[in-house]
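Asker: Please read through the structure below; I'll follow up with questions.
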Amino acid sequence: MALDPVQLAGSKILITGPTGQVAEPVVAALAGIAEVHTLARFSKAGDRERITALGASCLAADLAEPDGLAELPTDFDYVLNFAVVKTDSFDYDLAANGEGVGRLMLHCREARAFLHFSSTAVYEYAGQEPRREDAPLGDNHRAMFPTYSISKIAAETVCRFAGRQFGIPTTIARLSVPYGDNGGWPFYHLMMMKQGIPIEVHPEAPNNYHLLHVDDYLEKIPRLLAAATPQVTTVNFGGSEKTSVEQWCAYLQELTGLAPAFKDNPRAFGSLAIDTTRMHQLIGETRVDWREGLLSMVKNLAPELLQEAADE
């Protein structure tokens with residue numbers, strides 16, 4: 001039996017990394033029912049204005065800086081940490097992603113629950129074997145993002161220490177492939193198909209993942225918060241149905257007529273299927289069929305590419 005969700009209406013919530021593809025829909029959804037504060041560097045023109053327009057307040061801060069949180073309130077009910085940096089500088093990225101989560105948790109240690117979004121990129125490559133939460137960790141994404149996997153592992157380690165040391169109810173959710181009407185990895189693949197750019201895949205096919213639609217992660221976040229304990233809960237977080245890069249590109253071809261060109265590369269990420277047993281026990285199964293999700297994505301982001309049959 002899945003956990004009952006916490007009630008977020010009327011609560012005070014901090015969301016870090018609000019301008020990211022995954023977090024921005026969360027800001028939009030929660031700002032209508034709760035007091036939402038956001039924290040980011042807000043270094044790009046228009047970011048602060050866009051988030052403010054959603055109904056959230058904004059604080060510009062750098063989690064890599066020891067005093068970066070000096071102006072941040074401490075009385076949040078819930079903290080959702082989506083923040084991540086990928087500058088390829090190990091010194092900076094470890095400070096921002098690893099040390100930063102420790103600073104954030106210490107600052108907000110009175111919160112009812114802290115939800116840290118990690119990634120299945122923490123897992124060592126293991127072919128088609130679904131990864132359980134206790135599977136070996138490794139430098140999975142080095143070929144494309146040199147600091148990413150190591151930074152994510154470091155962030156989880158600091159997060160567990162802080163949660164246990166200071167008694168902060170915490171959940172670490174390892175995201176698979178989030179996507180929705182605002183994009184995601186499958187949309188990048190569609191754009192590559194449109195431009196005739198080869199899509200690199202690991203030769204040990206199929207390259208399996210678990211597409212997680214925005215509607216599903218919005219519904220599951222209150223349950224992930226309910227799963228938080230001071231012992232720290234770690235759980236995979238993806239769609240209940242496994243699918244592959246090859247499958248979703250084939251479906252995008254069916255929708256648009258654009259053919260993917262695959263290129264084998266042993267340095268590509270490779271399959272990252274997850275064991276969903278613990279996820280289903282804690283938060284239940286996801287609901288959005290990946291085909292319906294992809295169709296909606298294309299309709300919203302590139303309707304001109306849809307063939308007539310798919311658009312009906």
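Labels used: A, B, ... for chains in the order of the structure tokens, numbers from 1 for residues in each chain, and numbers from 1 for ligands as shown.
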Set the distance at 8 Å and use only C-alpha atoms: which residues neighbour range 49-54 of chain A once local chain neighbours fewer than 2 positions away are removed? I'd like the list as a tab-separated table (two decimals) with C-alpha atoms, in the first residue's frame.
Answerer:
```
chain	number	residue	atom	x	y	z
A	18	PRO	CA	13.51	26.38	-10.24
A	19	THR	CA	14.48	27.35	-13.78
A	24	GLU	CA	9.75	24.76	-13.30
A	27	VAL	CA	6.96	25.76	-9.18
A	28	ALA	CA	3.99	26.48	-11.44
A	31	ALA	CA	2.67	28.33	-6.37
A	46	GLY	CA	14.47	36.69	-17.93
A	47	ASP	CA	14.72	33.74	-15.50
A	56	ALA	CA	6.89	32.40	-6.51
A	57	SER	CA	9.43	34.61	-4.78
A	58	CYS	CA	13.07	34.50	-5.92
```
Asker: Skipping near chain neighbours, those fewer than 4 positions away, what residues fall within 10 Å of range 92-109 of chain A using only C-alpha atoms, listed as a PyMOL selection string?
Answerer: chain A and resi 14+16+62-70+72-79+81+83-88+113-114+116+147-148+150-163+165-170
Asker: Please give the complete set of residues from range 15-223 of chain A that DSSP, run on the backbone, assigns to strand (DSSP E), formatted as an NGL selection string.
Answerer: :A and (15-16 or 35-40 or 57-60 or 78-81 or 113-119 or 170-175 or 177-180 or 183-184 or 199-201 or 208-209 or 211-213)
Asker: Which residue out of A:Thr286, A:Ser271, A:Gln281, A:Asn182 has the minimum interatomic distance to Leu212 in chain A when only C-alpha atoms are used?
Answerer: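 For Leu212 in chain A, the nearest of the given residues is A:Thr286.
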Asker: Pick from A:Phe145, A:Phe42, A:Phe269, A:Phe117: nearest to Asn207 in chain A, with only C-alpha atoms counted?
Answerer: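 Of all the options, A:Phe269 lies closest to Asn207 in chain A.
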Asker: Compare A:Lys194, A:Arg112, A:Lys299, A:His280 by their minimum atom-to-atom distance to Gln7 in chain A, counting only C-alpha atoms, and give me the closest one.
Answerer: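 Using only C-alpha atoms, the shortest distance to Gln7 in chain A belongs to A:Arg112.
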Asker: What is the CA of Glu246 in chain A to CA of Gly138 in chain A distance in Å?
Answerer: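 Straight-line distance from CA of Glu246 in chain A to CA of Gly138 in chain A works out to 24.1 Å.
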Asker: In Å to one decimal, how far is CA of Pro25 in chain A from CA of His213 in chain A?
Answerer: 11.2 Å
Asker: Smallest atom-to-atom distance to Val214 in chain A: which of A:Leu295, A:Ala23, A:Ala126, A:Asn300, using only C-alpha atoms?
Answerer: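 Looking only at the distances to Val214 in chain A, the closest residue turns out to be A:Ala23.
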Asker: Skipping near chain neighbours, those fewer than 3 positions away, what residues fall within 6 Å of Pro130 in chain A using only C-alpha atoms, listed as number ranges by chain?
Answerer: A: 273-275
Asker: Could you pull the residues within 7 Å of Asp139 in chain A, counting only C-alpha atoms, minus those fewer than 6 positions along the same chain, as an NGL selection string?
Answerer: :A and (122 or 124 or 149-150)
Asker: Could you give me the residues within range 63-205 of chain A that DSSP places in helix (DSSP H, G or I), as a ChimeraX atom specification?
Answerer: /A:90-107,120-122,148-166,185-195
Asker: Please determine, counting only C-alpha atoms, which residue among A:Val6, A:Val36, A:Ala29, A:Ala121 has the shortest atom-to-atom distance to Met144 in chain A.
Answerer: A:Ala121
Asker: I need the residue nearest Glu133 in chain A from this list: A:Phe82, A:Trp248, A:Phe237, A:Trp290. Use only C-alpha atoms for the distance.
Answerer: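 For Glu133 in chain A, the nearest of the given residues is A:Phe237.
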Asker: Neighbours of Ala226 in chain A within 9 Å (only C-alpha atoms; same-chain residues fewer than 2 positions away dropped), as number ranges by chain?
Answerer: A: 3-6, 113, 171, 221-224, 228-229, 282-283
Asker: So that I have them on file, write out the residues from the current selection with all heavy atoms, as a CSV table (one decimal), in the first residue's frame.
Answerer:
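Contents of selection_7.csv, as written:
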```
chain,number,residue,atom,x,y,z
A,3,LEU,N,2.2,5.1,0.4
A,3,LEU,CA,2.0,6.1,1.4
A,3,LEU,C,1.0,7.1,1.0
A,3,LEU,O,0.9,7.5,-0.2
A,3,LEU,CB,3.3,6.7,1.7
A,3,LEU,CG,4.4,5.8,2.3
A,3,LEU,CD1,5.8,6.6,2.3
A,3,LEU,CD2,4.1,5.4,3.7
A,4,ASP,N,0.2,7.6,2.0
A,4,ASP,CA,-0.6,8.8,1.7
A,4,ASP,C,0.2,10.0,1.5
A,4,ASP,O,1.2,10.2,2.2
A,4,ASP,CB,-1.6,9.0,2.9
A,4,ASP,CG,-2.6,7.9,3.1
A,4,ASP,OD1,-3.0,7.3,2.1
A,4,ASP,OD2,-3.0,7.7,4.2
A,5,PRO,N,-0.2,10.9,0.6
A,5,PRO,CA,0.6,12.1,0.3
A,5,PRO,C,0.5,13.1,1.4
A,5,PRO,O,-0.5,13.2,2.1
A,5,PRO,CB,0.0,12.6,-1.0
A,5,PRO,CG,-1.4,12.1,-0.9
A,5,PRO,CD,-1.4,10.8,-0.3
A,6,VAL,N,1.6,13.9,1.6
A,6,VAL,CA,1.5,15.0,2.6
A,6,VAL,C,0.6,16.1,1.9
A,6,VAL,O,0.5,16.2,0.7
A,6,VAL,CB,2.9,15.6,2.9
A,6,VAL,CG1,3.7,14.6,3.6
A,6,VAL,CG2,3.5,16.2,1.7
A,113,ALA,N,10.2,17.9,6.0
A,113,ALA,CA,10.8,17.0,5.1
A,113,ALA,C,11.6,17.7,4.1
A,113,ALA,O,11.3,18.8,3.6
A,113,ALA,CB,9.7,16.1,4.4
A,171,THR,N,14.2,12.3,1.9
A,171,THR,CA,14.1,11.3,0.8
A,171,THR,C,15.1,11.7,-0.3
A,171,THR,O,15.1,12.9,-0.7
A,171,THR,CB,12.7,11.3,0.2
A,171,THR,OG1,11.8,10.8,1.3
A,171,THR,CG2,12.6,10.3,-0.9
A,221,ILE,N,5.3,13.7,-5.9
A,221,ILE,CA,6.2,14.5,-5.0
A,221,ILE,C,5.6,14.5,-3.6
A,221,ILE,O,6.4,14.3,-2.6
A,221,ILE,CB,6.4,15.9,-5.5
A,221,ILE,CG1,7.5,15.8,-6.6
A,221,ILE,CG2,6.8,16.9,-4.4
A,221,ILE,CD1,7.7,17.1,-7.4
A,222,PRO,N,4.3,14.7,-3.3
A,222,PRO,CA,3.8,14.7,-2.0
A,222,PRO,C,4.0,13.3,-1.3
A,222,PRO,O,4.1,13.2,-0.1
A,222,PRO,CB,2.3,15.0,-2.1
A,222,PRO,CG,2.3,15.8,-3.4
A,222,PRO,CD,3.3,15.2,-4.3
A,223,ARG,N,4.0,12.2,-2.1
A,223,ARG,CA,4.2,10.9,-1.5
A,223,ARG,C,5.7,10.7,-1.2
A,223,ARG,O,6.0,10.0,-0.2
A,223,ARG,CB,3.7,9.8,-2.5
A,223,ARG,CG,2.2,9.9,-2.7
A,223,ARG,CD,1.7,8.9,-3.7
A,223,ARG,NE,0.3,9.1,-4.1
A,223,ARG,CZ,-0.8,8.8,-3.5
A,223,ARG,NH1,-0.6,8.1,-2.3
A,223,ARG,NH2,-2.0,9.0,-3.9
A,224,LEU,N,6.6,11.2,-2.0
A,224,LEU,CA,8.0,11.2,-1.7
A,224,LEU,C,8.3,11.9,-0.5
A,224,LEU,O,9.2,11.5,0.3
A,224,LEU,CB,8.8,11.7,-2.9
A,224,LEU,CG,8.9,10.9,-4.2
A,224,LEU,CD1,9.5,11.7,-5.3
A,224,LEU,CD2,9.7,9.6,-4.0
A,228,ALA,N,9.8,10.5,3.7
A,228,ALA,CA,11.1,11.0,4.3
A,228,ALA,C,11.2,10.6,5.7
A,228,ALA,O,10.2,10.6,6.5
A,228,ALA,CB,11.1,12.5,4.2
A,229,THR,N,12.4,10.1,6.1
A,229,THR,CA,12.7,9.8,7.5
A,229,THR,C,14.1,10.3,7.8
A,229,THR,O,14.9,10.5,6.9
A,229,THR,CB,12.6,8.3,7.7
A,229,THR,OG1,13.8,7.7,7.1
A,229,THR,CG2,11.4,7.6,7.2
A,282,LEU,N,6.4,2.5,-2.0
A,282,LEU,CA,6.3,3.7,-1.3
A,282,LEU,C,5.3,4.7,-1.9
A,282,LEU,O,4.5,5.4,-1.1
A,282,LEU,CB,7.7,4.4,-1.2
A,282,LEU,CG,8.7,3.7,-0.4
A,282,LEU,CD1,10.1,4.4,-0.6
A,282,LEU,CD2,8.3,3.7,1.1
A,283,ILE,N,5.3,4.8,-3.2
A,283,ILE,CA,4.5,5.9,-3.8
A,283,ILE,C,3.5,5.4,-4.9
A,283,ILE,O,2.8,6.2,-5.5
A,283,ILE,CB,5.4,7.0,-4.4
A,283,ILE,CG1,6.3,6.4,-5.6
A,283,ILE,CG2,6.3,7.6,-3.3
A,283,ILE,CD1,7.1,7.5,-6.2
```
Asker: I'd like the contact shell of Gly127 in chain A - 8 Å cut-off, only C-alpha atoms, skipping same-chain residues fewer than 6 positions apart - returned as a list in words.
Answerer: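 The neighbour list is Glu204, Gly270, Ser271 and Leu272 of chain A.
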Asker: Tell me, as a ChimeraX atom specification, which residues lie within 10 Å of Ala302 in chain A, counting only C-alpha atoms; anything in the same chain fewer than 5 positions away does not count.
Answerer: /A:187,190-191,256,296-297
Asker: Selected residues, N, CA, C and O atoms, written as a PDB file, in the first residue's frame, please.
Answerer:
```pdb
ATOM      1  N   PHE A 187      12.661  14.812 -26.565  1.00  0.00           N
ATOM      2  CA  PHE A 187      12.503  15.949 -27.480  1.00  0.00           C
ATOM      3  C   PHE A 187      13.834  16.297 -28.142  1.00  0.00           C
ATOM      4  O   PHE A 187      13.862  16.648 -29.322  1.00  0.00           O
ATOM      5  N   LEU A 190      14.113  14.024 -30.943  1.00  0.00           N
ATOM      6  CA  LEU A 190      13.265  14.437 -32.061  1.00  0.00           C
ATOM      7  C   LEU A 190      13.943  15.541 -32.869  1.00  0.00           C
ATOM      8  O   LEU A 190      13.923  15.519 -34.113  1.00  0.00           O
ATOM      9  N   MET A 191      14.544  16.496 -32.205  1.00  0.00           N
ATOM     10  CA  MET A 191      15.232  17.575 -32.907  1.00  0.00           C
ATOM     11  C   MET A 191      16.443  17.037 -33.687  1.00  0.00           C
ATOM     12  O   MET A 191      16.755  17.525 -34.783  1.00  0.00           O
ATOM     13  N   THR A 256       5.823  11.358 -36.721  1.00  0.00           N
ATOM     14  CA  THR A 256       6.299  12.463 -37.558  1.00  0.00           C
ATOM     15  C   THR A 256       6.797  12.056 -38.938  1.00  0.00           C
ATOM     16  O   THR A 256       6.942  12.916 -39.816  1.00  0.00           O
ATOM     17  N   SER A 296       1.644  14.058 -26.605  1.00  0.00           N
ATOM     18  CA  SER A 296       1.339  15.364 -26.043  1.00  0.00           C
ATOM     19  C   SER A 296       2.534  16.302 -26.159  1.00  0.00           C
ATOM     20  O   SER A 296       2.374  17.487 -26.482  1.00  0.00           O
ATOM     21  N   MET A 297       3.736  15.790 -25.918  1.00  0.00           N
ATOM     22  CA  MET A 297       4.953  16.597 -26.025  1.00  0.00           C
ATOM     23  C   MET A 297       5.115  17.169 -27.426  1.00  0.00           C
ATOM     24  O   MET A 297       5.375  18.366 -27.607  1.00  0.00           O
TER      25      MET A 297
END
```
Asker: Find the distance between CA of Glu219 in chain A and CA of Val26 in chain A and write it in Å to one decimal.
Answerer: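 One can read the CA of Glu219 in chain A to CA of Val26 in chain A distance as 10.0 Å.
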